[in-house]
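K.L.:
Hey, dropping final-v9.txt in here, compact mmCIF, C-alpha atoms:
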# COMPACT_ATOMS: atom_id res chain seq x y z
CA MET N 1 0.00 0.00 0.00
CA GLU N 2 1.08 3.55 -0.74
CA PHE N 3 0.11 6.56 1.38
CA ARG N 4 -0.59 10.21 0.67
CA HIS N 5 -1.34 13.36 2.66
CA LEU N 6 -4.98 14.41 2.69
CA GLY N 7 -4.59 17.68 0.81
CA ARG N 8 -2.08 19.91 2.55
CA SER N 9 -3.10 18.62 5.98
CA GLY N 10 -0.81 16.56 8.17
CA LEU N 11 -3.13 13.55 7.96
CA VAL N 12 -1.67 10.63 6.02
CA ILE N 13 -4.14 8.16 4.49
CA SER N 14 -3.92 5.02 2.37
CA GLU N 15 -4.20 6.01 -1.30
CA ILE N 16 -6.79 3.28 -1.68
CA ALA N 17 -9.61 3.64 0.84
CA TYR N 18 -12.38 1.16 1.57
CA GLY N 19 -15.96 2.42 1.30
CA ASN N 20 -19.24 0.68 2.13
CA TRP N 21 -21.87 2.58 0.13
CA LEU N 22 -24.47 0.21 -1.42
CA THR N 23 -22.86 -2.86 0.15
CA HIS N 24 -22.77 -3.06 3.96
CA GLY N 25 -26.16 -3.42 5.57
CA SER N 26 -27.81 -3.71 2.16
CA GLN N 27 -26.30 -5.55 -0.82
CA ILE N 28 -24.33 -8.19 1.12
CA GLU N 29 -24.69 -10.07 4.40
CA GLU N 30 -22.70 -8.91 7.41
CA ASP N 31 -20.30 -11.87 7.37
CA ALA N 32 -19.31 -10.99 3.82
CA ALA N 33 -18.95 -7.33 4.74
CA VAL N 34 -16.69 -8.13 7.69
CA ALA N 35 -14.59 -10.43 5.48
CA CYS N 36 -14.10 -7.57 3.00
CA VAL N 37 -13.07 -5.14 5.75
CA HIS N 38 -10.58 -7.64 7.14
CA ALA N 39 -9.20 -8.22 3.63
CA ALA N 40 -8.73 -4.46 3.32
CA LEU N 41 -6.86 -4.35 6.62
CA ASP N 42 -4.70 -7.29 5.57
CA GLU N 43 -3.79 -5.45 2.35
CA GLY N 44 -2.66 -2.36 4.23
CA ILE N 45 -5.75 -0.17 3.83
CA THR N 46 -6.07 2.12 6.86
CA THR N 47 -8.72 4.53 5.55
CA PHE N 48 -12.42 3.63 5.75
CA ASP N 49 -15.23 5.78 4.39
CA THR N 50 -18.94 5.58 5.14
CA ALA N 51 -21.93 7.88 5.76
CA ASP N 52 -24.80 8.08 8.22
CA VAL N 53 -27.36 7.63 5.41
CA TYR N 54 -25.89 4.47 3.87
CA ALA N 55 -28.32 1.57 4.25
CA GLY N 56 -30.42 3.71 6.56
CA THR N 57 -27.56 4.06 9.14
CA ARG N 58 -26.86 0.29 9.09
CA ALA N 59 -23.63 0.69 7.10
CA GLU N 60 -22.00 2.63 9.94
CA GLU N 61 -23.05 -0.07 12.40
CA VAL N 62 -21.56 -2.84 10.25
CA LEU N 63 -18.30 -0.94 9.80
CA GLY N 64 -18.09 -0.24 13.51
CA ARG N 65 -18.45 -3.93 14.33
CA ALA N 66 -16.02 -4.96 11.59
CA LEU N 67 -13.31 -2.61 12.91
CA LYS N 68 -13.86 -3.45 16.58
CA GLY N 69 -10.66 -4.58 18.24
CA GLN N 70 -8.40 -2.82 15.75
CA ARG N 71 -5.88 -0.26 17.00
CA ARG N 72 -7.86 2.98 16.66
CA GLU N 73 -4.77 5.14 16.17
CA GLY N 74 -3.87 3.07 13.12
CA LEU N 75 -7.17 3.82 11.34
CA GLU N 76 -8.67 6.82 9.58
CA ILE N 77 -12.47 6.63 9.80
CA PHE N 78 -14.47 9.01 7.60
CA THR N 79 -18.21 9.61 7.61
CA LYS N 80 -20.69 12.19 6.34
CA VAL N 81 -23.81 14.19 7.21
CA TYR N 82 -26.62 15.76 5.12
CA TRP N 83 -29.09 13.19 3.74
CA PRO N 84 -32.18 12.22 5.79
CA THR N 85 -31.62 9.85 8.69
CA GLY N 86 -35.11 10.13 10.17
CA PRO N 87 -38.64 11.37 9.48
CA GLY N 88 -38.34 14.82 11.07
CA LYS N 89 -37.82 18.11 9.26
CA ASN N 90 -34.50 18.53 11.09
CA ASP N 91 -33.27 14.97 10.46
CA ARG N 92 -31.46 16.21 7.34
CA GLY N 93 -29.35 19.04 6.00
CA LEU N 94 -26.44 20.94 7.51
CA SER N 95 -28.12 22.89 10.30
CA ARG N 96 -26.34 23.07 13.64
CA LYS N 97 -29.10 20.92 15.13
CA HIS N 98 -28.75 18.11 12.62
CA ILE N 99 -24.95 18.16 12.58
CA MET N 100 -24.70 18.02 16.37
CA GLU N 101 -27.27 15.23 16.64
CA SER N 102 -26.00 13.29 13.65
CA VAL N 103 -22.40 13.18 14.81
CA GLU N 104 -23.48 11.59 18.09
CA GLY N 105 -25.32 8.88 16.18
CA SER N 106 -22.33 8.23 13.95
CA LEU N 107 -19.95 7.99 16.90
CA ARG N 108 -22.25 5.51 18.60
CA ARG N 109 -22.73 3.35 15.51
CA LEU N 110 -19.05 3.39 14.60
CA GLN N 111 -18.11 2.59 18.22
CA THR N 112 -15.46 5.31 18.35
CA ASP N 113 -14.76 8.44 20.38
CA TYR N 114 -13.86 10.56 17.37
CA ILE N 115 -14.18 10.75 13.60
CA ASP N 116 -11.04 11.45 11.62
CA LEU N 117 -12.85 13.26 8.78
CA TYR N 118 -16.44 14.54 8.95
CA GLN N 119 -17.85 15.53 5.57
CA ALA N 120 -20.78 17.63 4.41
CA HIS N 121 -22.40 15.10 2.07
CA ARG N 122 -23.92 17.80 -0.20
CA PHE N 123 -24.26 21.58 -0.14
CA ASP N 124 -27.28 22.76 1.87
CA TYR N 125 -28.96 25.77 0.26
CA GLU N 126 -31.35 26.10 3.21
CA THR N 127 -28.68 26.70 5.87
CA PRO N 128 -26.32 29.67 6.16
CA LEU N 129 -22.83 28.44 5.38
CA GLU N 130 -21.56 30.25 8.47
CA GLU N 131 -23.84 28.11 10.65
CA THR N 132 -22.57 24.86 9.11
CA LEU N 133 -18.91 25.83 9.34
CA ARG N 134 -19.24 27.03 12.94
CA ALA N 135 -20.87 23.72 13.93
CA PHE N 136 -18.07 21.77 12.23
CA ASP N 137 -15.48 23.96 13.96
CA ASP N 138 -17.12 23.36 17.34
CA LEU N 139 -16.88 19.59 16.78
CA VAL N 140 -13.18 19.94 16.00
CA ARG N 141 -12.63 21.96 19.17
CA GLN N 142 -14.56 19.36 21.17
CA GLY N 143 -12.30 16.60 19.81
CA LYS N 144 -15.19 14.66 18.29
CA VAL N 145 -13.93 15.41 14.78
CA LEU N 146 -10.32 15.88 13.70
CA TYR N 147 -10.74 17.25 10.16
CA VAL N 148 -13.65 18.51 8.08
CA GLY N 149 -14.41 18.08 4.40
CA VAL N 150 -17.19 18.18 1.84
CA SER N 151 -18.61 15.89 -0.83
CA GLU N 152 -19.89 16.82 -4.29
CA TRP N 153 -19.54 20.57 -3.78
CA ARG N 154 -18.98 22.93 -6.71
CA ALA N 155 -15.82 25.01 -6.91
CA GLU N 156 -17.65 28.24 -6.02
CA GLU N 157 -19.20 26.59 -2.95
CA ILE N 158 -15.82 25.35 -1.73
CA GLU N 159 -14.35 28.80 -2.37
CA ARG N 160 -17.11 30.48 -0.34
CA ALA N 161 -16.53 28.08 2.56
CA LEU N 162 -12.81 28.78 2.57
CA LYS N 163 -13.36 32.55 2.55
CA ILE N 164 -15.82 32.36 5.46
CA ALA N 165 -13.52 30.06 7.44
CA ASP N 166 -10.61 32.44 6.98
CA GLU N 167 -12.69 35.50 7.93
CA MET N 168 -14.18 33.83 11.02
CA GLY N 169 -11.07 31.93 12.09
CA LEU N 170 -12.77 28.54 11.66
CA ASP N 171 -11.26 25.18 10.80
CA ARG N 172 -10.72 24.92 7.05
CA ILE N 173 -11.98 22.24 4.70
CA VAL N 174 -9.17 19.81 3.86
CA SER N 175 -10.97 17.50 1.42
CA ASN N 176 -13.66 17.04 -1.19
CA GLN N 177 -15.26 13.71 -2.07
CA PRO N 178 -16.42 13.77 -5.69
CA GLN N 179 -17.29 11.12 -8.22
CA TYR N 180 -14.27 10.71 -10.53
CA SER N 181 -13.28 8.14 -13.11
CA MET N 182 -12.03 7.76 -16.67
CA LEU N 183 -15.62 8.32 -17.76
CA TRP N 184 -16.66 11.05 -15.28
CA ARG N 185 -14.22 13.98 -15.15
CA VAL N 186 -16.42 16.89 -14.15
CA ILE N 187 -14.05 18.06 -11.38
CA GLU N 188 -11.08 18.64 -13.66
CA GLU N 189 -11.99 22.06 -15.07
CA GLU N 190 -12.89 24.01 -11.92
CA VAL N 191 -12.76 21.97 -8.70
CA VAL N 192 -9.26 20.53 -9.08
CA PRO N 193 -7.48 23.84 -9.91
CA LEU N 194 -9.12 25.54 -6.93
CA CYS N 195 -8.32 22.65 -4.60
CA GLU N 196 -4.71 22.42 -5.76
CA ARG N 197 -4.31 26.12 -4.99
CA GLU N 198 -6.01 25.86 -1.60
CA GLY N 199 -4.49 22.59 -0.38
CA ILE N 200 -7.66 20.49 -0.56
CA GLY N 201 -7.36 16.82 -1.52
CA GLN N 202 -9.87 14.74 -3.48
CA ILE N 203 -11.12 11.46 -2.00
CA VAL N 204 -12.76 10.09 -5.11
CA TRP N 205 -15.69 7.68 -5.23
CA SER N 206 -16.72 5.33 -8.01
CA PRO N 207 -13.32 5.15 -9.75
CA LEU N 208 -14.72 2.02 -11.46
CA ALA N 209 -17.79 3.93 -12.71
CA GLN N 210 -20.17 1.68 -10.75
CA GLY N 211 -18.24 -1.36 -11.99
CA VAL N 212 -18.54 -0.54 -15.70
CA LEU N 213 -14.78 -0.02 -16.00
CA THR N 214 -14.11 -3.57 -14.79
CA GLY N 215 -15.25 -4.70 -18.24
CA LYS N 216 -17.76 -7.21 -16.87
CA TYR N 217 -20.70 -5.52 -18.60
CA LEU N 218 -20.71 -6.40 -22.30
CA PRO N 219 -22.47 -4.55 -25.11
CA GLY N 220 -25.61 -6.23 -26.33
CA GLN N 221 -25.74 -8.65 -23.39
CA PRO N 222 -27.74 -8.61 -20.13
CA PRO N 223 -25.87 -7.66 -16.94
CA PRO N 224 -24.23 -10.55 -15.05
CA ALA N 225 -26.40 -12.08 -12.33
CA GLY N 226 -25.67 -10.63 -8.91
CA SER N 227 -23.99 -7.51 -10.33
CA ARG N 228 -24.82 -3.96 -9.26
CA ALA N 229 -26.93 -3.50 -12.38
CA THR N 230 -29.31 -6.19 -11.10
CA ASP N 231 -29.53 -4.76 -7.56
CA GLN N 232 -32.99 -3.20 -7.57
CA ALA N 233 -32.50 -2.05 -3.97
CA GLY N 234 -30.40 0.86 -5.18
CA GLY N 235 -27.38 0.00 -7.29
CA ALA N 236 -29.27 -0.44 -10.56
CA ASN N 237 -30.48 3.17 -10.51
CA PHE N 238 -26.95 4.54 -10.35
CA ILE N 239 -25.47 2.41 -13.12
CA LYS N 240 -28.25 2.34 -15.70
CA GLY N 241 -27.09 5.47 -17.54
CA LEU N 242 -23.70 3.88 -18.17
CA LEU N 243 -24.99 0.70 -19.77
CA THR N 244 -25.19 1.97 -23.33
CA ASP N 245 -23.65 -0.03 -26.16
CA GLU N 246 -21.36 2.87 -27.08
CA ILE N 247 -19.92 3.20 -23.58
CA LEU N 248 -19.60 -0.56 -23.07
CA THR N 249 -17.93 -1.04 -26.46
CA ARG N 250 -15.39 1.69 -25.78
CA VAL N 251 -14.66 0.25 -22.33
CA GLN N 252 -13.97 -3.14 -23.91
CA ASN N 253 -11.44 -1.40 -26.16
CA LEU N 254 -9.44 -0.54 -23.01
CA ARG N 255 -8.77 -4.22 -22.41
CA PRO N 256 -5.65 -4.43 -24.66
CA ILE N 257 -4.12 -1.48 -22.77
CA ALA N 258 -4.66 -3.18 -19.41
CA GLN N 259 -3.26 -6.46 -20.74
CA GLU N 260 -0.12 -4.79 -22.08
CA LEU N 261 0.51 -3.31 -18.64
CA GLY N 262 -0.19 -6.56 -16.82
CA LEU N 263 -3.18 -5.04 -15.06
CA THR N 264 -6.79 -6.05 -14.69
CA MET N 265 -9.35 -3.60 -16.04
CA ALA N 266 -10.22 -2.60 -12.47
CA GLN N 267 -6.58 -1.98 -11.59
CA LEU N 268 -6.15 0.20 -14.67
CA ALA N 269 -9.20 2.29 -13.76
CA ILE N 270 -8.11 2.82 -10.15
CA ALA N 271 -4.53 3.55 -11.17
CA TRP N 272 -5.86 6.12 -13.64
CA VAL N 273 -7.53 8.28 -10.96
CA LEU N 274 -4.42 8.03 -8.77
CA GLN N 275 -2.33 9.65 -11.52
CA ASN N 276 -4.04 12.95 -10.67
CA PRO N 277 -1.79 14.59 -8.05
CA ASN N 278 -4.80 16.28 -6.44
CA VAL N 279 -6.31 12.87 -5.62
CA SER N 280 -5.45 11.82 -2.06
CA ALA N 281 -7.30 8.49 -2.21
CA ALA N 282 -9.54 6.38 -4.40
CA ILE N 283 -12.43 4.67 -2.62
CA ILE N 284 -13.11 1.06 -3.55
CA GLY N 285 -16.11 -1.04 -2.56
CA ALA N 286 -16.39 -4.80 -2.61
CA THR N 287 -18.82 -7.65 -2.15
CA ARG N 288 -16.05 -10.27 -1.96
CA PRO N 289 -12.56 -10.21 -0.36
CA GLU N 290 -10.91 -11.18 -3.66
CA GLN N 291 -12.17 -7.92 -5.18
CA VAL N 292 -10.32 -6.01 -2.47
CA ARG N 293 -7.14 -7.98 -3.07
CA ASP N 294 -7.36 -7.32 -6.81
CA ASN N 295 -8.09 -3.60 -6.50
CA VAL N 296 -5.28 -2.78 -4.09
CA LYS N 297 -2.72 -3.85 -6.67
CA ALA N 298 -3.40 -0.49 -8.34
CA ALA N 299 -1.53 1.25 -5.52
CA GLY N 300 1.77 2.70 -6.68
CA VAL N 301 1.16 1.96 -10.39
CA LYS N 302 2.61 4.62 -12.71
CA LEU N 303 0.88 5.21 -16.03
CA GLU N 304 3.02 6.93 -18.66
CA ALA N 305 1.75 9.90 -20.68
CA ASP N 306 1.32 7.80 -23.82
CA VAL N 307 -0.94 5.38 -21.94
CA LEU N 308 -3.10 8.22 -20.63
CA LYS N 309 -3.37 9.58 -24.17
CA ARG N 310 -4.45 6.20 -25.54
CA ILE N 311 -7.14 5.92 -22.86
CA ASP N 312 -8.49 9.35 -23.84
CA GLU N 313 -8.54 8.36 -27.51
CA VAL N 314 -10.39 5.12 -26.80
CA LEU N 315 -13.08 6.71 -24.63
CA GLY N 316 -13.37 9.90 -26.65
CA PRO N 317 -16.92 11.29 -26.76
CA VAL N 318 -18.33 9.22 -23.89
CA ILE N 319 -16.20 11.09 -21.35
CA VAL N 320 -18.33 13.51 -19.28
CA ARG N 321 -16.49 16.76 -18.46
CA ASP N 322 -19.20 19.39 -17.80
CA PRO N 323 -18.61 20.91 -14.30
CA ALA N 324 -22.31 21.81 -14.14
CA LYS N 325 -23.01 18.08 -13.64
CA THR N 326 -22.03 18.52 -9.97
CA VAL N 327 -25.42 19.23 -8.40
CA SER N 328 -26.76 19.36 -4.86
CA PRO N 329 -30.53 19.31 -4.21
CA PRO N 330 -32.01 22.86 -4.40
CA ARG N 331 -33.96 22.02 -1.24
CA ARG N 332 -33.34 19.42 1.45
CA PRO N 333 -34.70 15.98 0.51
Taking this structure as input, can you express it in the form of structure tokens?
P.N.:
Amino acid sequence: MEFRHLGRSGLVISEIAYGNWLTHGSQIEEDAAVACVHAALDEGITTFDTADVYAGTRAEEVLGRALKGQRREGLEIFTKVYWPTGPGKNDRGLSRKHIMESVEGSLRRLQTDYIDLYQAHRFDYETPLEETLRAFDDLVRQGKVLYVGVSEWRAEEIERALKIADEMGLDRIVSNQPQYSMLWRVIEEEVVPLCEREGIGQIVWSPLAQGVLTGKYLPGQPPPAGSRATDQAGGANFIKGLLTDEILTRVQNLRPIAQELGLTMAQLAIAWVLQNPNVSAAIIGATRPEQVRDNVKAAGVKLEADVLKRIDEVLGPVIVRDPAKTVSPPRRP
């Protein structure tokens, strides 16, 4: 395993992180989830990412049980707040009330005294940014949270937060968690330049584009049984837009590149996002321990400029680059 600083902060994290969105507490049984976490630990992963909303709070509980007994100082545990975790009007968003109540629930479910990185899971247009940042800062001063970050925020939203934090003397954002892959590059035009300048690192999710970049989905054929595309509980909704014949055909044309490099398709995709110096970590998910063991082999892989150019030529028009694709709900869900 290789390690990187989280942005310009002093926190060092594994460049491949383990995440449990759509899996723990939902897609797979707990025994399988625990086996995947233990495989991640065995492979040198120290960074684990979750969120209070995943599987209706069950994902945090599963991760907490899976990590029980591990040396806490040797782990970096990340979670998030924003999406609804209950029926009430205040069980959502980034108000002081919800943040303060939500963090207590996350600490309890994760069975820990503190969270290494607490992230605003979307931008909340119904809460003054000063209120959110002050609440985050209070949690840092209380020792319940060590660092604060955001997820899926636009460049102008991150910039506003940094300006307010500097003016008010509050703890600064150190990270952003966006979707990023060979196919989805919407952060490159605006978010990455800002974050490079301000010392904010990207913790990217879905580097495999919901599994499409593994090459297991074939054009003109039904999705494999048991794959995310057949998971009607949630996964199928996220992947369906990627299952076009044009995208799947172009992804298959990446296979010779991976083979020449001695990499699996998944390893190539994860290695690709790690070539971006603003990326602090790539989050992987898994339903089986062997997937973890395969994916971590992307750590430390160097892709030469000619390889990156060939990838761009193969994918061509199916690459999404529009920064306007980063969208938070206009009102709380």
K.L.:
Please determine, counting only C-alpha atoms, which residue among N:Ala324, N:Leu6, N:Leu117, N:Leu146 has the shortest atom-to-atom distance to Cys195 in chain N.
P.N.:
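Looking only at the distances to Cys195 in chain N, the closest residue turns out to be N:Leu6.
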K.L.:
Please determine the residues with any atom at most 12 Å from (-23.2, 32.8, 9.3) (coordinates as given in the file, with all atoms listed in the file counting) and report them as a PyMOL selection string.
P.N.:
chain N and resi 95-96+127-135+160-161+163-165+167-168+170
K.L.:
Take CA of Trp272 in chain N and CA of Ile311 in chain N and report the distance between them in Å, one decimal.
P.N.:
9.3 Å
K.L.:
So that each row is one residue of range 110-219 of chain N with an atom at most 10 Å from range 61-72 of chain N, can you give its shortest atom pair and the distance in Å to one decimal, using only C-alpha atoms, rows by chain and rising number, as a Markdown table?
P.N.:
| residue | atom | partner | partner_atom | distance |
| --- | --- | --- | --- | --- |
| N:Leu110 | CA | N:Gly64 | CA | 3.9 |
| N:Gln111 | CA | N:Gly64 | CA | 5.5 |
| N:Thr112 | CA | N:Gly64 | CA | 7.8 |
| N:Asp113 | CA | N:Arg72 | CA | 9.6 |
| N:Tyr114 | CA | N:Arg72 | CA | 9.7 |
K.L.:
Quick one: residues within 6 Å of Phe48 in chain N, all atoms listed in the file counted, chain neighbours fewer than 6 positions away excluded, as a list in words?
P.N.:
Ala17, Tyr18, Gly19 and Ile77 of chain N
K.L.:
How close does range 161-227 of chain N get to range 293-305 of chain N? List, as JSON lines, each residue of range 161-227 of chain N within 12 Å, its nearest atom pair and the distance in Å to one decimal, counting all atoms listed in the file.
P.N.:
{"residue": "N:Pro207", "atom": "CA", "partner": "N:Asn295", "partner_atom": "CA", "distance": 10.7}
{"residue": "N:Leu208", "atom": "CA", "partner": "N:Asn295", "partner_atom": "CA", "distance": 10.0}
{"residue": "N:Gly211", "atom": "CA", "partner": "N:Asn295", "partner_atom": "CA", "distance": 11.8}
{"residue": "N:Thr214", "atom": "CA", "partner": "N:Asn295", "partner_atom": "CA", "distance": 10.2}
K.L.:
In Å to one decimal, how far is CA of Thr57 in chain N from CA of Arg332 in chain N?
P.N.:
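Going from CA of Arg332 in chain N over to CA of Thr57 in chain N covers 18.1 Å.
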K.L.:
Hey, can you check how far CA of Glu260 in chain N sits from CA of Gly215 in chain N?
P.N.:
15.6 Å
K.L.:
Can you tell me, as a ChimeraX atom specification, what residues are no more than 12 Å from Val279 in chain N when counting only C-alpha atoms, ignoring any on the same chain fewer than 4 positions away?
P.N.:
/N:3-8,13-17,175-181,187-188,191-193,195-196,199-205,207,270-275,283
K.L.:
Nearest residue to Glu313 in chain N out of N:Tyr54, N:Ser9, N:Ile257, N:Gly169, using all atoms listed in the file?
P.N.:
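Of N:Tyr54, N:Ser9, N:Ile257, N:Gly169, the one nearest Glu313 in chain N, counting all atoms listed in the file, is N:Ile257.
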K.L.:
Taking every listed atom of range 49-58 of chain N and adding 6 Å to each side, what centre and edge lengths in Å (one decimal) does the axis-aligned box have, as AutoDock Vina command-line options?
P.N.:
--center_x -22.8 --center_y 4.2 --center_z 6.5 --size_x 27.2 --size_y 19.8 --size_z 17.3
K.L.:
What's the 10 Å shell around Leu41 in chain N, counting only C-alpha atoms, without same-chain residues fewer than 3 positions away, as a ChimeraX atom specification?
P.N.:
/N:18,35-38,44-48,67,70,75,292
K.L.:
For range 81-86 of chain N, find every residue with an atom within 8 Å (counting all atoms listed in the file), except residues of its own chain fewer than 3 positions away, and show them as an MDAnalysis selection string.
P.N.:
chainID N and resid 51:53 56:57 91:94 99 102:103 118:122 124 332:333
K.L.:
Let me make sure I understand: among N:Pro222, N:Asp322, N:Gly285, N:Ser151, which one has the smallest atom-to-atom distance to Asn20 in chain N if we use only C-alpha atoms?
P.N.:
N:Gly285
K.L.:
Counting only C-alpha atoms, what is within 10 Å of Glu189 in chain N, bar same-chain residues fewer than 4 positions away, as a list in words?
P.N.:
Ala155, Arg185, Pro193, Leu194, Arg321, Asp322 and Pro323 of chain N
K.L.:
Calculated over only C-alpha atoms, which of the candidates N:Leu139, N:Val212, N:Ala266, N:Ile284 has the smallest distance to Leu242 in chain N?
P.N.:
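The closest residue to Leu242 in chain N is N:Val212.
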